[in-house]
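**Student:** Contents of upload.tsv (TSV, C-alpha atoms) are given next:
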chain	number	residue	atom	x	y	z
A	194	LEU	CA	-22.35	-16.47	32.92
A	195	PHE	CA	-19.65	-15.76	35.47
A	196	ARG	CA	-19.69	-12.58	37.50
A	197	SER	CA	-16.33	-10.90	37.73
A	198	LYS	CA	-15.27	-9.88	41.22
A	199	ILE	CA	-12.52	-7.60	39.97
A	200	PRO	CA	-13.30	-4.02	41.10
A	201	VAL	CA	-13.47	-1.45	38.32
A	202	THR	CA	-13.04	2.24	39.06
A	203	VAL	CA	-15.17	4.55	36.93
A	204	PRO	CA	-14.20	8.25	36.67
A	205	PRO	CA	-16.60	10.73	38.28
A	206	LEU	CA	-19.54	11.86	36.19
A	207	ALA	CA	-17.97	15.24	35.39
A	208	VAL	CA	-14.90	13.53	33.94
A	209	GLN	CA	-17.06	11.13	31.96
A	210	LYS	CA	-18.94	14.06	30.43
A	211	ARG	CA	-15.71	15.87	29.48
A	212	LEU	CA	-14.33	12.70	27.96
A	213	GLY	CA	-17.59	12.10	26.10
A	214	ARG	CA	-17.50	15.57	24.55
A	215	SER	CA	-13.88	15.15	23.48
A	216	LEU	CA	-14.51	11.71	22.01
A	217	GLU	CA	-17.54	13.00	20.12
A	218	LYS	CA	-15.41	15.67	18.44
A	219	ILE	CA	-12.68	13.18	17.55
A	220	ASP	CA	-15.24	10.66	16.27
A	221	ASN	CA	-16.65	13.33	13.95
A	222	ILE	CA	-13.16	14.02	12.62
A	223	ILE	CA	-12.52	10.27	12.23
A	224	ASN	CA	-15.76	9.83	10.31
A	225	ARG	CA	-15.01	12.75	7.99
A	226	THR	CA	-11.45	11.52	7.42
A	227	GLY	CA	-12.72	8.01	6.71
A	228	ALA	CA	-15.20	9.37	4.16
A	229	ALA	CA	-12.47	11.43	2.49
A	230	LEU	CA	-10.24	8.36	2.43
A	231	SER	CA	-12.91	6.30	0.69
A	232	LEU	CA	-13.34	9.01	-1.94
A	233	GLY	CA	-9.57	9.27	-2.36
A	234	ARG	CA	-9.26	5.54	-2.99
A	235	LEU	CA	-12.09	5.70	-5.51
A	236	LEU	CA	-10.41	8.66	-7.24
A	237	ARG	CA	-7.08	6.82	-7.45
A	238	THR	CA	-8.74	3.80	-9.03
A	239	SER	CA	-10.76	5.96	-11.41
A	240	ILE	CA	-7.72	7.90	-12.59
A	241	VAL	CA	-5.88	4.76	-13.69
A	242	ARG	CA	-9.01	3.26	-15.26
A	243	ASP	CA	-10.07	6.37	-17.13
A	244	LEU	CA	-6.60	7.31	-18.38
A	245	SER	CA	-5.60	3.86	-19.59
A	246	CYS	CA	-8.68	1.76	-20.33
A	247	ALA	CA	-11.34	2.56	-22.87
A	248	PRO	CA	-14.50	0.96	-21.39
A	249	GLY	CA	-16.51	3.59	-19.53
A	250	ARG	CA	-14.06	6.40	-20.32
A	251	ARG	CA	-15.49	9.88	-19.71
A	252	PRO	CA	-14.72	11.82	-21.78
A	253	PRO	CA	-13.62	9.51	-24.64
A	254	HIS	CA	-9.91	9.41	-25.35
A	255	GLU	CA	-8.84	11.75	-28.10
A	256	GLY	CA	-8.51	9.75	-31.31
A	257	GLY	CA	-10.86	7.00	-30.19
A	258	THR	CA	-10.12	3.44	-29.11
A	259	TYR	CA	-9.55	0.03	-30.63
A	260	GLN	CA	-9.89	-3.58	-29.50
A	261	ALA	CA	-6.49	-5.08	-28.66
A	262	ALA	CA	-5.83	-8.66	-27.58
A	263	ILE	CA	-5.76	-7.60	-23.91
A	264	GLY	CA	-8.86	-5.41	-24.16
A	265	SER	CA	-9.96	-2.02	-25.38
A	266	LEU	CA	-7.13	0.53	-25.59
A	267	PRO	CA	-6.87	4.17	-26.65
A	268	ARG	CA	-5.45	4.64	-30.13
A	269	GLY	CA	-1.72	5.26	-29.91
A	270	TRP	CA	-1.43	2.67	-27.13
A	271	LYS	CA	-0.21	-0.89	-27.37
A	272	SER	CA	0.39	-3.96	-25.23
A	273	VAL	CA	3.96	-4.47	-23.95
A	274	ARG	CA	5.26	-7.34	-21.83
A	275	LEU	CA	6.27	-6.24	-18.36
A	276	SER	CA	9.70	-7.86	-18.78
A	277	ASP	CA	10.32	-5.52	-21.74
A	278	LEU	CA	9.65	-2.53	-19.50
A	279	ALA	CA	11.51	-3.59	-16.37
A	280	LEU	CA	14.23	-5.87	-15.10
A	281	ILE	CA	12.81	-8.35	-12.60
A	282	ASN	CA	14.71	-9.36	-9.45
A	283	ALA	CA	17.95	-7.99	-10.84
A	284	SER	CA	19.84	-8.03	-7.53
A	285	SER	CA	19.91	-10.40	-4.56
A	286	VAL	CA	21.75	-10.76	-1.27
A	287	PRO	CA	24.84	-12.96	-1.82
A	288	GLU	CA	24.99	-16.20	0.14
A	289	ASN	CA	28.45	-15.25	1.46
A	290	THR	CA	27.12	-12.07	3.10
A	291	ASP	CA	28.62	-11.25	6.49
A	292	PRO	CA	26.37	-13.00	9.05
A	293	ASN	CA	26.40	-9.86	11.21
A	294	LYS	CA	25.34	-7.51	8.44
A	295	ALA	CA	22.14	-5.81	9.57
A	296	PHE	CA	19.27	-4.58	7.43
A	297	TYR	CA	15.56	-3.82	7.54
A	298	TYR	CA	13.65	-6.84	6.33
A	299	LEU	CA	10.33	-6.28	4.56
A	300	ASP	CA	8.01	-9.27	4.32
A	301	VAL	CA	4.91	-9.26	2.12
A	302	SER	CA	2.79	-7.73	4.88
A	303	ALA	CA	4.96	-4.58	4.80
A	304	VAL	CA	3.51	-3.40	1.48
A	305	ALA	CA	-0.17	-2.68	0.89
A	306	GLN	CA	-1.55	-0.64	-2.03
A	307	GLY	CA	1.15	1.98	-2.09
A	308	ARG	CA	2.10	1.98	1.57
A	309	ILE	CA	5.57	0.64	2.33
A	310	SER	CA	6.15	0.16	6.06
A	311	ARG	CA	9.76	-0.17	7.13
A	312	PRO	CA	10.25	-2.31	10.27
A	313	ALA	CA	11.33	-0.57	13.46
A	314	LYS	CA	14.21	-2.96	14.11
A	315	LEU	CA	17.17	-4.17	12.10
A	316	THR	CA	17.69	-7.88	11.40
A	317	ARG	CA	21.06	-9.57	11.10
A	318	PHE	CA	21.65	-11.74	8.05
A	319	GLN	CA	22.24	-14.83	10.19
A	320	ASP	CA	18.89	-14.30	11.93
A	321	ALA	CA	16.87	-13.42	8.85
A	322	PRO	CA	14.55	-15.94	7.18
A	323	SER	CA	15.87	-17.66	4.06
A	324	ARG	CA	13.40	-15.68	1.92
A	325	ALA	CA	15.10	-12.37	2.86
A	326	ARG	CA	17.01	-12.11	-0.40
A	327	ARG	CA	15.66	-9.40	-2.71
A	328	LEU	CA	17.57	-6.11	-2.97
A	329	PHE	CA	15.84	-2.98	-4.22
A	330	SER	CA	16.61	0.70	-4.66
A	331	LYS	CA	15.00	4.09	-5.16
A	332	GLY	CA	12.74	4.09	-8.21
A	333	ASP	CA	12.03	0.36	-8.05
A	334	ILE	CA	8.58	-1.16	-7.70
A	335	LEU	CA	7.78	-3.86	-5.14
A	336	MET	CA	5.09	-6.20	-6.44
A	337	SER	CA	3.83	-8.91	-4.14
A	338	THR	CA	3.46	-12.18	-6.03
A	339	VAL	CA	1.74	-13.82	-3.05
A	340	ARG	CA	-2.01	-13.10	-3.13
A	341	PRO	CA	-1.37	-10.47	-5.83
A	342	THR	CA	-5.08	-9.75	-6.22
A	343	LEU	CA	-4.77	-7.80	-2.94
A	344	GLN	CA	-2.46	-5.43	-4.84
A	345	GLY	CA	0.43	-5.37	-2.42
A	346	PHE	CA	2.38	-3.01	-4.68
A	347	GLY	CA	4.61	-0.13	-3.68
A	348	TYR	CA	6.78	2.47	-5.40
A	349	VAL	CA	10.13	3.08	-3.67
A	350	GLU	CA	10.65	6.83	-3.36
A	351	CYS	CA	13.56	6.96	-0.92
A	352	SER	CA	16.96	5.35	-0.50
A	353	ALA	CA	16.74	1.65	0.32
A	354	GLY	CA	20.39	0.70	0.71
A	355	ASP	CA	19.76	-0.76	4.17
A	356	CYS	CA	16.66	-2.74	3.18
A	357	VAL	CA	16.01	-6.28	1.94
A	358	CYS	CA	12.65	-7.67	0.94
A	359	SER	CA	11.13	-11.12	0.74
A	360	THR	CA	11.29	-13.40	-2.27
A	361	GLY	CA	7.50	-13.09	-2.10
A	362	PHE	CA	8.04	-9.84	-4.04
A	363	ALA	CA	8.99	-9.32	-7.63
A	364	VAL	CA	11.30	-6.31	-7.64
A	365	LEU	CA	10.71	-4.35	-10.84
A	366	HIS	CA	13.54	-2.07	-11.97
A	367	PRO	CA	12.22	0.12	-14.83
A	368	ARG	CA	14.45	-0.04	-17.89
A	369	ASP	CA	13.64	3.63	-18.43
A	370	PRO	CA	13.48	5.42	-15.06
A	371	ALA	CA	11.17	8.03	-16.57
A	372	ASP	CA	8.51	5.33	-17.00
A	373	GLY	CA	8.67	4.11	-13.39
A	374	LEU	CA	5.55	5.88	-12.13
A	375	PHE	CA	3.61	5.03	-15.29
A	376	LEU	CA	4.45	1.34	-14.98
A	377	TYR	CA	3.53	1.41	-11.31
A	378	ALA	CA	0.16	3.03	-12.10
A	379	MET	CA	-0.60	0.44	-14.78
A	380	LEU	CA	-0.23	-2.40	-12.28
A	381	TYR	CA	-3.52	-1.15	-10.81
A	382	SER	CA	-5.27	-0.99	-14.19
A	383	PRO	CA	-8.27	-3.27	-14.78
A	384	ILE	CA	-6.48	-4.91	-17.71
A	385	VAL	CA	-3.55	-6.03	-15.55
A	386	ALA	CA	-5.85	-6.90	-12.64
A	387	ARG	CA	-7.82	-9.27	-14.89
A	388	GLN	CA	-4.65	-11.03	-16.03
A	389	ILE	CA	-3.47	-11.50	-12.44
A	390	HIS	CA	-6.88	-12.79	-11.37
A	391	SER	CA	-6.86	-15.29	-14.24
A	392	LEU	CA	-3.40	-16.58	-13.27
A	393	VAL	CA	-4.32	-16.95	-9.61
A	394	SER	CA	-7.70	-18.55	-10.33
A	395	GLY	CA	-6.07	-21.23	-12.43
A	396	SER	CA	-3.63	-22.35	-9.75
A	397	GLY	CA	-3.93	-24.19	-6.47
A	398	PHE	CA	-2.02	-21.51	-4.57
A	399	PRO	CA	-2.83	-17.77	-4.56
A	400	ALA	CA	0.48	-16.68	-6.06
A	401	ILE	CA	2.09	-16.03	-9.42
A	402	SER	CA	5.59	-16.93	-10.56
A	403	CYS	CA	8.31	-14.56	-11.72
A	404	SER	CA	7.83	-15.80	-15.29
A	405	ASP	CA	4.10	-15.06	-15.00
A	406	THR	CA	4.96	-11.59	-13.75
A	407	GLY	CA	7.28	-10.91	-16.66
A	408	ASN	CA	4.64	-12.09	-19.15
A	409	LEU	CA	1.97	-9.69	-17.92
A	410	ASN	CA	0.77	-7.42	-20.73
A	411	ILE	CA	0.96	-3.74	-19.77
A	412	PRO	CA	-1.08	-1.04	-21.53
A	413	PHE	CA	1.55	1.34	-22.92
A	414	SER	CA	1.18	4.78	-24.47
A	415	SER	CA	3.46	5.69	-27.37
A	416	SER	CA	3.70	9.23	-26.00
A	417	GLY	CA	6.40	9.77	-23.39
A	418	ASP	CA	4.72	12.98	-22.23
A	419	GLU	CA	1.43	11.15	-21.74
A	420	ARG	CA	3.15	8.39	-19.77
A	421	LYS	CA	4.76	10.97	-17.49
A	422	ARG	CA	1.48	12.81	-17.01
A	423	ILE	CA	-0.45	9.65	-16.15
A	424	GLY	CA	2.25	8.43	-13.77
A	425	ALA	CA	2.48	11.78	-11.97
A	426	THR	CA	-1.31	12.19	-11.73
A	427	ALA	CA	-1.88	8.71	-10.37
A	428	ARG	CA	0.98	9.09	-7.87
A	429	ALA	CA	-0.37	12.45	-6.65
A	430	ALA	CA	-3.74	10.81	-5.98
A	431	GLU	CA	-2.03	7.96	-4.16
A	432	ARG	CA	-0.05	10.37	-1.97
A	433	GLN	CA	-3.34	11.94	-0.88
A	434	VAL	CA	-4.67	8.50	0.03
A	435	LEU	CA	-1.52	7.65	2.01
A	436	LEU	CA	-1.70	10.99	3.85
A	437	LEU	CA	-5.34	10.39	4.78
A	438	GLU	CA	-4.47	6.89	5.99
A	439	LYS	CA	-1.78	8.32	8.26
A	440	LEU	CA	-4.16	10.98	9.56
A	441	LEU	CA	-6.81	8.37	10.30
A	442	ASP	CA	-4.28	6.25	12.19
A	443	LEU	CA	-3.22	9.31	14.22
A	444	TYR	CA	-6.80	10.23	15.11
A	445	LEU	CA	-7.56	6.67	16.20
A	446	GLU	CA	-4.41	6.66	18.30
A	447	LEU	CA	-5.36	10.01	19.81
A	448	ARG	CA	-8.80	8.67	20.70
A	449	LEU	CA	-7.28	5.74	22.55
A	450	HIS	CA	-4.76	8.00	24.28
A	451	LEU	CA	-7.54	10.29	25.55
A	452	ILE	CA	-9.38	7.37	27.12
A	453	GLU	CA	-6.22	5.97	28.71
A	454	ALA	CA	-5.05	9.37	29.94
A	455	SER	CA	-8.42	10.07	31.53
A	456	MET	CA	-8.38	6.77	33.39
A	457	VAL	CA	-4.77	7.22	34.55
A	458	HIS	CA	-5.41	10.80	35.67
A	459	GLU	CA	-8.38	9.77	37.73
A	460	SER	CA	-6.92	6.51	39.05
A	461	GLY	CA	-5.50	8.26	42.11
A	462	LYS	CA	-8.76	10.05	42.85
A	463	ARG	CA	-11.92	8.77	44.36
A	464	GLY	CA	-14.31	7.35	41.79
A	465	ASP	CA	-17.32	5.10	41.62
A	466	ARG	CA	-16.56	1.41	42.04
A	467	LEU	CA	-18.42	-1.26	40.12
Mind turning this structure into structure tokens?
**Tutor:**
Amino acid sequence: LFRSKIPVTVPPLAVQKRLGRSLEKIDNIINRTGAALSLGRLLRTSIVRDLSCAPGRRPPHEGGTYQAAIGSLPRGWKSVRLSDLALINASSVPENTDPNKAFYYLDVSAVAQGRISRPAKLTRFQDAPSRARRLFSKGDILMSTVRPTLQGFGYVECSAGDCVCSTGFAVLHPRDPADGLFLYAMLYSPIVARQIHSLVSGSGFPAISCSDTGNLNIPFSSSGDERKRIGATARAAERQVLLLEKLLDLYLELRLHLIEASMVHESGKRGDRL
């Protein structure tokens, strides 16, 4: 082992104690927020499972269930191909786009289980990677086709006229806008998850094609009111999860800031040297 000869200034004991008390309070908040986040994620998953898939439903779906080709479904539901419910990759950036046109480019890492993170900086078309081609708009669904078992899916709730996403996404444009949230919720259903897992497991690369995406069988209720209710309920649960994730990030940032601020504040004062 090498002994470092770089001097390290440690704040006085009184400052260390104050910092320790503050960090203890924040750590308690972080732990409680993390526990609430775990429960929120479980609730989101349970809502989609219990409202759309028969196995393990509590209470049983009114009218009972039946065995469809894709699995057990509530009566009054059927299997519908995704391409019959949504247009896929309907709009792309033209090749003759002005090289200086700027936009926010979202790669596949920008979307993770409901969270869509817009980059801080704009990218010019001439500087963008060749995969920056997909256009999307409010009400669309971004579905990552690269490592899709990680469920890099996101529902676009705000204007996206200045955004472009990677060809690693399938952009789903619901044929009926009223079914957008329902379709988005069903992407997380166990029935769809099993189909995606089967497609990925049978290939040498963890990705699915656009044709595979369009051929996914989506559990579909014949009741428009039920579809709206399921979509709204699942989205409300997801919003709670996203809010808790933001709070957790803020608390972790605050914790780091407290430590840094304490060291900076005491850097000009006499402290113990190690």
**Student:** Quick one: pull the distance between CA of Arg317 in chain A and CA of Ala295 in chain A, Å, one decimal.
**Tutor:**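 Between CA of Arg317 in chain A and CA of Ala295 in chain A the gap works out to 4.2 Å.
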**Student:** Interatomic distance between CA of Pro292 in chain A and CA of Ala313 in chain A?
**Tutor:**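 Taking CA of Pro292 in chain A and CA of Ala313 in chain A, their separation equals 20.0 Å.
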**Student:** Could you state the separation of CA of Asp405 in chain A and CA of Leu374 in chain A in Å, given to one decimal place?
**Tutor:**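 Interatomic distance, CA of Asp405 in chain A to CA of Leu374 in chain A: 21.2 Å.
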**Student:** Which polymer residues have any atom within 12 Å of an atom of Glu288 in chain A, counting all atoms listed in the file, with same-chain residues fewer than 4 positions away left out, as JSON, numbers by chain?
**Tutor:** {"A": [292, 318, 319, 323, 324, 325, 326, 327]}
**Student:** Counting all atoms listed in the file, figure out which residue out of A:Tyr377, A:Gly345, A:Leu278, A:Leu266 gets nearest to Asp300 in chain A.
**Tutor:** A:Gly345
**Student:** Using all atoms listed in the file, determine which residues lie at most 9 Å from range 216-221 of chain A, disregarding the query and same-chain residues fewer than 3 positions distant; provide the list as an MDAnalysis selection string.
**Tutor:** chainID A and resid 211:213 224:226 444:445 447:448 451:452
**Student:** May I ask which of the residues A:Thr258, A:Tyr381, A:Val349, A:Val339 is the closest one to Phe362 in chain A, counting all atoms listed in the file?
**Tutor:**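 Looking only at the distances to Phe362 in chain A, the closest residue turns out to be A:Val339.
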**Student:** Taking only C-alpha atoms into account, which of A:Gly407, A:Pro367, A:Gly347, A:Gly361 comes nearest Arg311 in chain A?
**Tutor:**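 So, comparing all the options, the nearest one is A:Gly347.
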**Student:** Looking at only C-alpha atoms, which of A:Ile411, A:Ala279, A:Leu335, A:Leu441 is the one that sits closest to Pro383 in chain A?
**Tutor:** A:Ile411
**Student:** Choose the residue, out of A:Leu206, A:Ile389, A:Val304, A:Leu437, that has the smallest atom-to-atom separation from Tyr348 in chain A; count all atoms listed in the file.
**Tutor:**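 Selected residue with least distance to Tyr348 in chain A: A:Val304.
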**Student:** Near Thr238 in chain A, within 12 Å and counting only C-alpha atoms, which residues show up once chain neighbours fewer than 5 positions away are dropped, as number ranges by chain?
**Tutor:** A: 231-233, 243-246, 306, 344, 378-383, 386, 426-428, 430-431, 434
**Student:** With only C-alpha atoms as the counted atoms, please give the residues lying no more than 10 Å from Glu350 in chain A, apart from itself and same-chain residues fewer than 2 positions off, as number ranges by chain.
**Tutor:** A: 309, 330-334, 347-348, 352-353
**Student:** Would you mind listing what lies within 10 Å of Thr406 in chain A as a list of chain:residue names, with only C-alpha atoms counted and same-chain residues fewer than 3 positions away left out?
**Tutor:**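 Once the nearby chain positions are removed, what remains is A:Arg274, A:Leu275, A:Ser276, A:Ile281, A:Met336, A:Thr338, A:Ala363, A:Leu365, A:Gln388, A:Ile389, A:Leu392, A:Ile401, A:Ser402, A:Cys403, A:Leu409, A:Asn410.
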**Student:** Given the choices A:Gly424, A:Cys358, A:Pro412, A:Glu453, which gets closest to Ala261 in chain A if the distance is worked out from only C-alpha atoms?
**Tutor:**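 Closest to Ala261 in chain A of all the choices is A:Pro412.
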